[in-house]
Amino acid sequence: MDELTRLRLDVSYDGTGFSGWAVQPDRRTVAGVFVEALDLLLGAGTASGLTVAGRTDAGVHATGQVCHVDLPAAVWREREATLLRRLARLLPTDVRVRAVTAVPAEFDARFSATFRRYEYRVTDAPYGADPLRRHEILAWPRPLDLDALNGAAAGLVGEHDFAAYCRRKENATTLREVTRLDWRREPDGVLVATVQADAFCQAMVRSLVGAMLVAGEGRRPVEWPASLLSRRERSGDVTVAPAHGLTLVAVGYPDDPAEYARRAEATRRLRVPAEA
């Protein structure tokens, strides 16, 4: 068997025109256009094992997505100097590979990750979202209080069972550790929620945002989002915020490459068959 080289790809995309990351029959997906571009560039099946850090849903954007793929070592040596530029020519303009890096074979874009960080953008301006940013900002129809949003966020930080906020998958845990959750108002008035955790189950971030927004506008007390953590099934009281306000901005990995395999093994033991 030919020796393989594992490549880390740092990826950005506008999720508006995609039905999420994962390949789906008869749907345009980020992974689908990646496979098509790699097959055109290298030959069908030459690149193998495309694996992503976080399988984003339809309409969700990314500026800090990470995936890995394996190439025959000889192909990588031949294409190393030109691969990035050639991918830029083949990929559609709403997805970009910003960097391609050879990494140890133990690197796993999904299981070696130590955290995922998302941002969610909302405007409560009476005129709505700026037309040029309408695909990345949710226009909220009522005023939002920053202190109330942060009060609601504070009760959700830490390790909890987020079953009330997750679309449950059979045999998958809903236990997660949220290490950061806070809101800021930028100079242009846009509110930005930053949420970071070891991993997220499906729809979790947008569900958290949906719960915090109703607290931020005063329809629910600031303690309400945290009170749902006592539930062991998804809460019908939580409205999932629209996808277009959400962006995956960063994925973290151990500083020491020697830790890639250890981290991946620990994550697999914790989450079978987890999500992202």
# chains A, B, ... in the order shown; residues from 1 in each chain; ligands from 1
$ closest_atom_pairs --of "stretch 65-173 of chain A" --to "stretch 230-251 of chain A" --cutoff "7 Å" --atoms "only C-alpha atoms" --output "Markdown table"
| residue | atom | partner | partner_atom | distance |
| --- | --- | --- | --- | --- |
| A:Gln65 | CA | A:Leu248 | CA | 6.4 |
| A:Val66 | CA | A:Val251 | CA | 6.9 |
| A:Ala113 | CA | A:Val251 | CA | 6.6 |
| A:Phe115 | CA | A:Val251 | CA | 5.7 |
| A:Arg116 | CA | A:Val251 | CA | 4.6 |
| A:Arg117 | CA | A:Ala250 | CA | 5.1 |
| A:Tyr118 | CA | A:Leu248 | CA | 4.4 |
| A:Glu119 | CA | A:Thr247 | CA | 5.4 |
| A:Tyr120 | CA | A:Leu246 | CA | 4.5 |
| A:Arg121 | CA | A:Gly245 | CA | 5.2 |
| A:Val122 | CA | A:Gly245 | CA | 6.8 |
| A:His135 | CA | A:His244 | CA | 5.7 |
| A:Glu136 | CA | A:Gly245 | CA | 4.8 |
| A:Ile137 | CA | A:Gly245 | CA | 4.7 |
| A:Leu138 | CA | A:Gly245 | CA | 5.2 |
| A:Ala163 | CA | A:Glu233 | CA | 5.3 |
| A:Ala164 | CA | A:Arg234 | CA | 3.8 |
| A:Tyr165 | CA | A:Arg234 | CA | 5.8 |
| A:Cys166 | CA | A:Arg234 | CA | 6.0 |
| A:Arg167 | CA | A:Arg234 | CA | 6.7 |
$ select_by_dssp --residues "stretch 124-204 of chain A" --states "strand (DSSP E)" --output "ChimeraX atom specification"
/A:138-139,158-161,175-185,191-197
$ residues_around --residues "A:Asp147" --least-positions-apart "2" --cutoff "10 Å" --atoms "only C-alpha atoms" --output "VMD selection string"
chain A and resid 144 to 145 149 to 153 183 to 184 216 222
$ residues_around --residues "stretch 14-29 of chain A" --least-positions-apart "4" --cutoff "6 Å" --atoms "only C-alpha atoms" --output "number ranges by chain"
A: 55-61, 94
$ write_last_selection --atoms "N, CA and C atoms" --output "short mmCIF file (atom, residue, chain, number, x, y, z; two decimals), in the first residue's frame"
data_model
loop_
_atom_site.label_atom_id
_atom_site.label_comp_id
_atom_site.auth_asym_id
_atom_site.auth_seq_id
_atom_site.Cartn_x
_atom_site.Cartn_y
_atom_site.Cartn_z
N ARG A 55 -19.63 19.18 11.98
CA ARG A 55 -20.54 19.03 10.84
C ARG A 55 -21.64 20.09 10.94
N THR A 56 -21.40 21.24 10.36
CA THR A 56 -22.35 22.34 10.47
C THR A 56 -23.64 22.05 9.71
N ASP A 57 -24.75 22.61 10.22
CA ASP A 57 -26.06 22.42 9.61
C ASP A 57 -26.23 23.33 8.41
N ALA A 58 -27.32 23.11 7.69
CA ALA A 58 -27.65 23.94 6.53
C ALA A 58 -27.72 25.40 6.93
N GLY A 59 -27.04 26.26 6.16
CA GLY A 59 -27.10 27.69 6.38
C GLY A 59 -26.09 28.24 7.36
N VAL A 60 -25.39 27.38 8.10
CA VAL A 60 -24.39 27.83 9.08
C VAL A 60 -23.08 28.12 8.36
N HIS A 61 -22.41 29.19 8.77
CA HIS A 61 -21.17 29.62 8.13
C HIS A 61 -19.96 29.13 8.91
N ASP A 94 -17.99 30.53 -2.73
CA ASP A 94 -18.53 30.59 -1.37
C ASP A 94 -17.86 29.60 -0.42
#
$ select_by_dssp --residues "stretch 22-182 of chain A" --states "helix (DSSP H, G or I)" --output "number ranges by chain"
A: 30-42, 73-79, 83-90, 131-133, 146-154, 163-165
$ residues_around --residues "A:Arg86" --least-positions-apart "3" --cutoff "12 Å" --atoms "only C-alpha atoms" --output "ChimeraX atom specification"
/A:37-38,40-42,79-83,89-92,96-97,100
$ closest_residue --among "A:Thr63, A:Thr46, A:Thr123, A:Ser12" --to "A:Val192" --atoms "only C-alpha atoms"
A:Thr123
